[in-house]
2 protein chains.
Amino acid sequence: MEKKKIGWIGTGVMGNSMCSHVLKAGHSVAVYNRTKAKATNLIDMGAQWCSNPKEVAEKSDIIFTIVGFPQDVRQVYFGAEGIFKGIKKGAITIDMTTSEPTLAQEIYEEGKKMGVHCLDAPVSGGDVGAREGTLAIMVGGDKEIYEEILPLFQLMGKNIAYMGKAGAGQHTKMSNQILIAGTMIGVVESLLYAYKAGNDLTEVINVIGKGAAGCWSINNLGPRIVKGNFDPGFFIKHFVKDMGIALQEAKQMNLSLPGLALAYQFYVAAMAMGLENLGTQGLYKVFAKMNGVDI
Amino acid sequence: MEKKKIGWIGTGVMGNSMCSHVLKAGHSVAVYNRTKAKATNLIDMGAQWCSNPKEVAEKSDIIFTIVGFPQDVRQVYFGAEGIFKGIKKGAITIDMTTSEPTLAQEIYEEGKKMGVHCLDAPVSGGDVGAREGTLAIMVGGDKEIYEEILPLFQLMGKNIAYMGKAGAGQHTKMSNQILIAGTMIGVVESLLYAYKAGNDLTEVINVIGKGAAGCWSINNLGPRIVKGNFDPGFFIKHFVKDMGIALQEAKQMNLSLPGLALAYQFYVAAMAMGLENLGTQGLYKVFAKMNGVDI
């Protein structure tokens, strides 16, 4: 694609890797992050530092954002030094934060008023997917804008899907997180049962992971639980954020999701136990503790 | 292996296919089933009909059982016309019913007193796996007896694992069912959320089924839910039995499994709605009804 002026806001673990792929492809990038130190490597690669999102918007045709919480997204777009204060007519914004579908719709509407095109495009695949450029990207917004941005998405991901109108990308990510919530409950209860029953957990995972009970989590996180490895692929604190958004959006749709609500409560318990910086497999510790099992 | 006299008790959907593989391999089989009509094809293949489990035991060196509920297993082994009334010293029994681990231990102990070797060897893989001889088989009991029976297991399954002492096979199956319970809650809540949010369910499955949220159920049962196909791969009524056993065994181990308990309650609701003969994906109907969604 024609080299456009790219803006990038948010250079955490995910955003940093993703932005580096854009730089490596030869695009000029204007960058901002709350903590400048986390953008140093990108500046070294040629990115131009900006002092706030407004300045990024003033210098860019296409602006990617990937920050922490919905309130951060709101600040980055609508704040006094936000994107919408500096953006040019005809520009495109893409929010890749996992955030509220309703906020994505609000951003889309605000952009429309200003002659700006806004996409929501949350990702899954974690730090490894970001580093290797193999993320899944779920996109909502206008289809022709999605198609215009697709070559840039292809620098970051493999499994890229246009899901529909504004918010549809975020809604898809919510479906993803709701499914993970259920499978994680199944994984930790299944393994804790095996432990209490005196079975060999590795053998159990080998057998049940291959059939109708099989899932990514039992095959990838199960063995880490067995080894006592609770390092984060995906942080508990971020998963709690995502489930909170899903529950709130479901409530707005008058949709009761008791399984998600249960998983959420146990992950909140994990936060209470100080486990917020463990990976999602840390849920095993909550169920073990509750059941008086020392691990 | 040397051709032994095989006994087979239980010729339902699963047992019928499994027994036919043993017959096809050239073994002589004495067969009993509560409903004789369901054994007709096996008798046509050369199986010798017996009028009760005791008679099967009198005629056999190795006796397989695969019946319905734990109380049926108890009747078949311990009843007035049960296996233990007719069994020969040195014989081997293998219960392939999904049943109580504690009952498997009881059968093992009773056998030991009589000089008989007893295995528990529940399966997963459904009617298709039984027909194609690709079942997963999870075996508990004495290892040397497992090794003696292995060539017969290989006629019925592919993923065959020795799990440990008596009951360990049943415990493994319980871990399998507990994991499915969690994933099924995740699957139906995830898809119902997508439906309410106005996303295309097939597109959602395509995206989320490939990554960290992926599981056998979303990729195999998800598309059936989308098509409104609730035909049984695995019956709700049987899953309710299995989860009931798991909850009871967990209680005996002082193990609290809130996710399993929740899934159980919703599957009991499915029974209350008359959905017992649907496949496990029928859980979607319960969550849809509860949320006022017409499907």
# chains A, B, ... in the order shown; residues from 1 in each chain; ligands from 1

$ residues_around --residues "range 117-127 of chain B" --least-positions-apart "3" --cutoff "8 Å" --atoms "only C-alpha atoms" --output "PyMOL selection string"
(chain A and resi 211-212) or (chain B and resi 13-14+90-99+104+107-108+111-112+130-131+134-142+145-146+166-170+173+233-234)

$ closest_residue --among "B:Pro151, B:Pro101, B:Gly244, B:Gly228" --to "chain A" --atoms "only C-alpha atoms"
B:Pro101

$ atom_distance --atom1 "CA of Val116 in chain A" --atom2 "CA of Met163 in chain A"
20.0 Å

$ residues_around --residues "Ile87 in chain B" --least-positions-apart "2" --cutoff "12 Å" --atoms "only C-alpha atoms" --output "ChimeraX atom specification"
/B:7,53-63,76-78,81-85,89-93,110-111,114-118

$ residues_around --residues "range 271-288 of chain A" --least-positions-apart "2" --cutoff "9 Å" --atoms "only C-alpha atoms" --output "PyMOL selection string"
(chain A and resi 184-185+187-189+191-192+217+221-222+224-225+229-240+266-269+290-295) or (chain B and resi 256-257)

$ closest_residue --among "A:Val67, A:Val73, A:Asn220, A:Trp8" --to "Cys50 in chain A" --atoms "only C-alpha atoms"
A:Trp8

$ closest_residue --among "B:Leu201, B:Leu179, B:Ala261, B:Met243" --to "chain A" --atoms "only C-alpha atoms"
B:Leu179

$ atom_distance --atom1 "CA of Arg34 in chain B" --atom2 "CA of Ser17 in chain B"
16.5 Å

$ closest_residue --among "B:Gly209, B:Gly198, B:Pro258, B:Gly186" --to "chain A" --atoms "only C-alpha atoms"
B:Gly186

$ select_by_dssp --residues "range 7-141 of chain A" --states "strand (DSSP E or B)" --output "count of residues only"
30

$ select_by_dssp --residues "range 81-174 of chain A" --states "helix (DSSP H, G or I)" --output "PyMOL selection string"
chain A and resi 83-86+101-113+126-132+143-156+168-174

$ residues_around --residues "Ala25 in chain B" --least-positions-apart "6" --cutoff "12 Å" --atoms "only C-alpha atoms" --output "PyMOL selection string"
chain B and resi 1-4+6+18-19+45-46+151-156

$ write_last_selection --atoms "N, CA and C atoms" --output "PDB file, in the first residue's frame"
ATOM      1  N   MET B   1      -3.583 -61.927  19.919  1.00  0.00           N
ATOM      2  CA  MET B   1      -3.663 -62.633  21.202  1.00  0.00           C
ATOM      3  C   MET B   1      -4.370 -63.957  21.019  1.00  0.00           C
ATOM      4  N   GLU B   2      -4.087 -64.878  21.894  1.00  0.00           N
ATOM      5  CA  GLU B   2      -4.770 -66.184  21.964  1.00  0.00           C
ATOM      6  C   GLU B   2      -6.280 -65.935  22.028  1.00  0.00           C
ATOM      7  N   LYS B   3      -7.057 -66.723  21.309  1.00  0.00           N
ATOM      8  CA  LYS B   3      -8.511 -66.517  21.314  1.00  0.00           C
ATOM      9  C   LYS B   3      -9.098 -67.004  22.638  1.00  0.00           C
ATOM     10  N   LYS B   4      -9.620 -66.052  23.395  1.00  0.00           N
ATOM     11  CA  LYS B   4     -10.236 -66.357  24.686  1.00  0.00           C
ATOM     12  C   LYS B   4     -11.741 -66.378  24.508  1.00  0.00           C
ATOM     13  N   ILE B   6     -14.930 -64.740  25.274  1.00  0.00           N
ATOM     14  CA  ILE B   6     -15.305 -63.387  25.690  1.00  0.00           C
ATOM     15  C   ILE B   6     -16.775 -63.369  26.086  1.00  0.00           C
ATOM     16  N   MET B  18     -19.031 -51.832  19.809  1.00  0.00           N
ATOM     17  CA  MET B  18     -17.771 -52.284  20.410  1.00  0.00           C
ATOM     18  C   MET B  18     -17.677 -53.809  20.379  1.00  0.00           C
ATOM     19  N   CYS B  19     -18.786 -54.475  20.715  1.00  0.00           N
ATOM     20  CA  CYS B  19     -18.818 -55.936  20.708  1.00  0.00           C
ATOM     21  C   CYS B  19     -18.616 -56.479  19.297  1.00  0.00           C
ATOM     22  N   MET B  45     -24.061 -62.493  13.923  1.00  0.00           N
ATOM     23  CA  MET B  45     -22.623 -62.548  13.633  1.00  0.00           C
ATOM     24  C   MET B  45     -21.943 -63.721  14.342  1.00  0.00           C
ATOM     25  N   GLY B  46     -22.709 -64.451  15.165  1.00  0.00           N
ATOM     26  CA  GLY B  46     -22.126 -65.627  15.807  1.00  0.00           C
ATOM     27  C   GLY B  46     -22.078 -65.594  17.317  1.00  0.00           C
ATOM     28  N   PRO B 151      -4.756 -55.774  23.775  1.00  0.00           N
ATOM     29  CA  PRO B 151      -5.085 -56.111  22.376  1.00  0.00           C
ATOM     30  C   PRO B 151      -6.590 -56.067  22.092  1.00  0.00           C
ATOM     31  N   LEU B 152      -7.407 -56.357  23.104  1.00  0.00           N
ATOM     32  CA  LEU B 152      -8.863 -56.257  22.920  1.00  0.00           C
ATOM     33  C   LEU B 152      -9.307 -54.793  22.909  1.00  0.00           C
ATOM     34  N   PHE B 153      -8.738 -53.981  23.805  1.00  0.00           N
ATOM     35  CA  PHE B 153      -9.040 -52.539  23.781  1.00  0.00           C
ATOM     36  C   PHE B 153      -8.702 -51.945  22.417  1.00  0.00           C
ATOM     37  N   GLN B 154      -7.597 -52.432  21.836  1.00  0.00           N
ATOM     38  CA  GLN B 154      -7.152 -51.866  20.549  1.00  0.00           C
ATOM     39  C   GLN B 154      -8.121 -52.167  19.409  1.00  0.00           C
ATOM     40  N   LEU B 155      -9.005 -53.151  19.610  1.00  0.00           N
ATOM     41  CA  LEU B 155     -10.057 -53.383  18.620  1.00  0.00           C
ATOM     42  C   LEU B 155     -11.111 -52.282  18.665  1.00  0.00           C
ATOM     43  N   MET B 156     -11.216 -51.602  19.811  1.00  0.00           N
ATOM     44  CA  MET B 156     -12.306 -50.629  20.022  1.00  0.00           C
ATOM     45  C   MET B 156     -11.851 -49.175  20.017  1.00  0.00           C
TER      46      MET B 156
END

$ atom_distance --atom1 "CA of Asn159 in chain A" --atom2 "CA of Lys210 in chain B"
8.4 Å

$ closest_residue --among "A:Ile218, A:Gly182, A:Tyr32, A:Asp200" --to "Ala263 in chain B" --atoms "only C-alpha atoms"
A:Gly182

$ decode --residues "range 119-130 of chain B" --atoms "all heavy atoms" --output "tab-separated table (two decimals), in the first residue's frame"
chain	number	residue	atom	x	y	z
B	119	LEU	N	-11.22	-54.57	36.00
B	119	LEU	CA	-10.77	-53.28	35.49
B	119	LEU	C	-11.97	-52.34	35.34
B	119	LEU	O	-13.09	-52.79	35.08
B	119	LEU	CB	-10.12	-53.43	34.10
B	119	LEU	CG	-8.87	-54.30	33.97
B	119	LEU	CD1	-8.44	-54.35	32.49
B	119	LEU	CD2	-7.73	-53.77	34.84
B	120	ASP	N	-11.73	-51.04	35.49
B	120	ASP	CA	-12.71	-50.03	35.05
B	120	ASP	C	-12.12	-49.34	33.83
B	120	ASP	O	-10.94	-48.98	33.83
B	120	ASP	CB	-13.05	-49.03	36.16
B	120	ASP	CG	-11.84	-48.38	36.82
B	120	ASP	OD1	-11.07	-49.12	37.49
B	120	ASP	OD2	-11.67	-47.16	36.67
B	121	ALA	N	-12.93	-49.20	32.79
B	121	ALA	CA	-12.38	-48.70	31.52
B	121	ALA	C	-13.45	-47.92	30.74
B	121	ALA	O	-13.84	-48.30	29.64
B	121	ALA	CB	-11.86	-49.87	30.69
B	122	PRO	N	-13.90	-46.80	31.31
B	122	PRO	CA	-14.88	-45.98	30.59
B	122	PRO	C	-14.27	-45.40	29.32
B	122	PRO	O	-13.04	-45.31	29.20
B	122	PRO	CB	-15.24	-44.89	31.58
B	122	PRO	CG	-14.06	-44.78	32.49
B	122	PRO	CD	-13.50	-46.18	32.58
B	123	VAL	N	-15.14	-45.01	28.40
B	123	VAL	CA	-14.69	-44.54	27.09
B	123	VAL	C	-15.21	-43.14	26.81
B	123	VAL	O	-16.15	-42.68	27.45
B	123	VAL	CB	-15.19	-45.50	25.97
B	123	VAL	CG1	-14.70	-46.91	26.25
B	123	VAL	CG2	-16.71	-45.46	25.84
B	124	SER	N	-14.59	-42.47	25.87
B	124	SER	CA	-15.24	-41.29	25.29
B	124	SER	C	-15.01	-41.33	23.78
B	124	SER	O	-14.11	-42.00	23.29
B	124	SER	CB	-14.73	-39.99	25.92
B	124	SER	OG	-13.55	-39.57	25.32
B	125	GLY	N	-15.86	-40.59	23.06
B	125	GLY	CA	-15.77	-40.61	21.61
B	125	GLY	C	-17.11	-40.88	20.95
B	125	GLY	O	-17.23	-40.81	19.73
B	126	GLY	N	-18.11	-41.22	21.77
B	126	GLY	CA	-19.49	-41.32	21.28
B	126	GLY	C	-19.74	-42.45	20.32
B	126	GLY	O	-18.88	-43.33	20.11
B	127	ASP	N	-20.93	-42.44	19.73
B	127	ASP	CA	-21.36	-43.52	18.84
B	127	ASP	C	-20.44	-43.63	17.61
B	127	ASP	O	-20.13	-44.74	17.16
B	127	ASP	CB	-22.82	-43.33	18.41
B	127	ASP	CG	-23.09	-41.95	17.83
B	127	ASP	OD1	-22.25	-41.04	18.03
B	127	ASP	OD2	-24.13	-41.78	17.18
B	128	VAL	N	-19.97	-42.50	17.13
B	128	VAL	CA	-19.07	-42.52	15.96
B	128	VAL	C	-17.75	-43.22	16.32
B	128	VAL	O	-17.27	-44.09	15.59
B	128	VAL	CB	-18.80	-41.09	15.43
B	128	VAL	CG1	-17.80	-41.12	14.28
B	128	VAL	CG2	-20.11	-40.44	14.98
B	129	GLY	N	-17.19	-42.85	17.46
B	129	GLY	CA	-15.94	-43.47	17.93
B	129	GLY	C	-16.11	-44.97	18.15
B	129	GLY	O	-15.20	-45.76	17.86
B	130	ALA	N	-17.27	-45.36	18.68
B	130	ALA	CA	-17.54	-46.78	18.92
B	130	ALA	C	-17.62	-47.53	17.58
B	130	ALA	O	-17.05	-48.60	17.42
B	130	ALA	CB	-18.85	-46.95	19.70
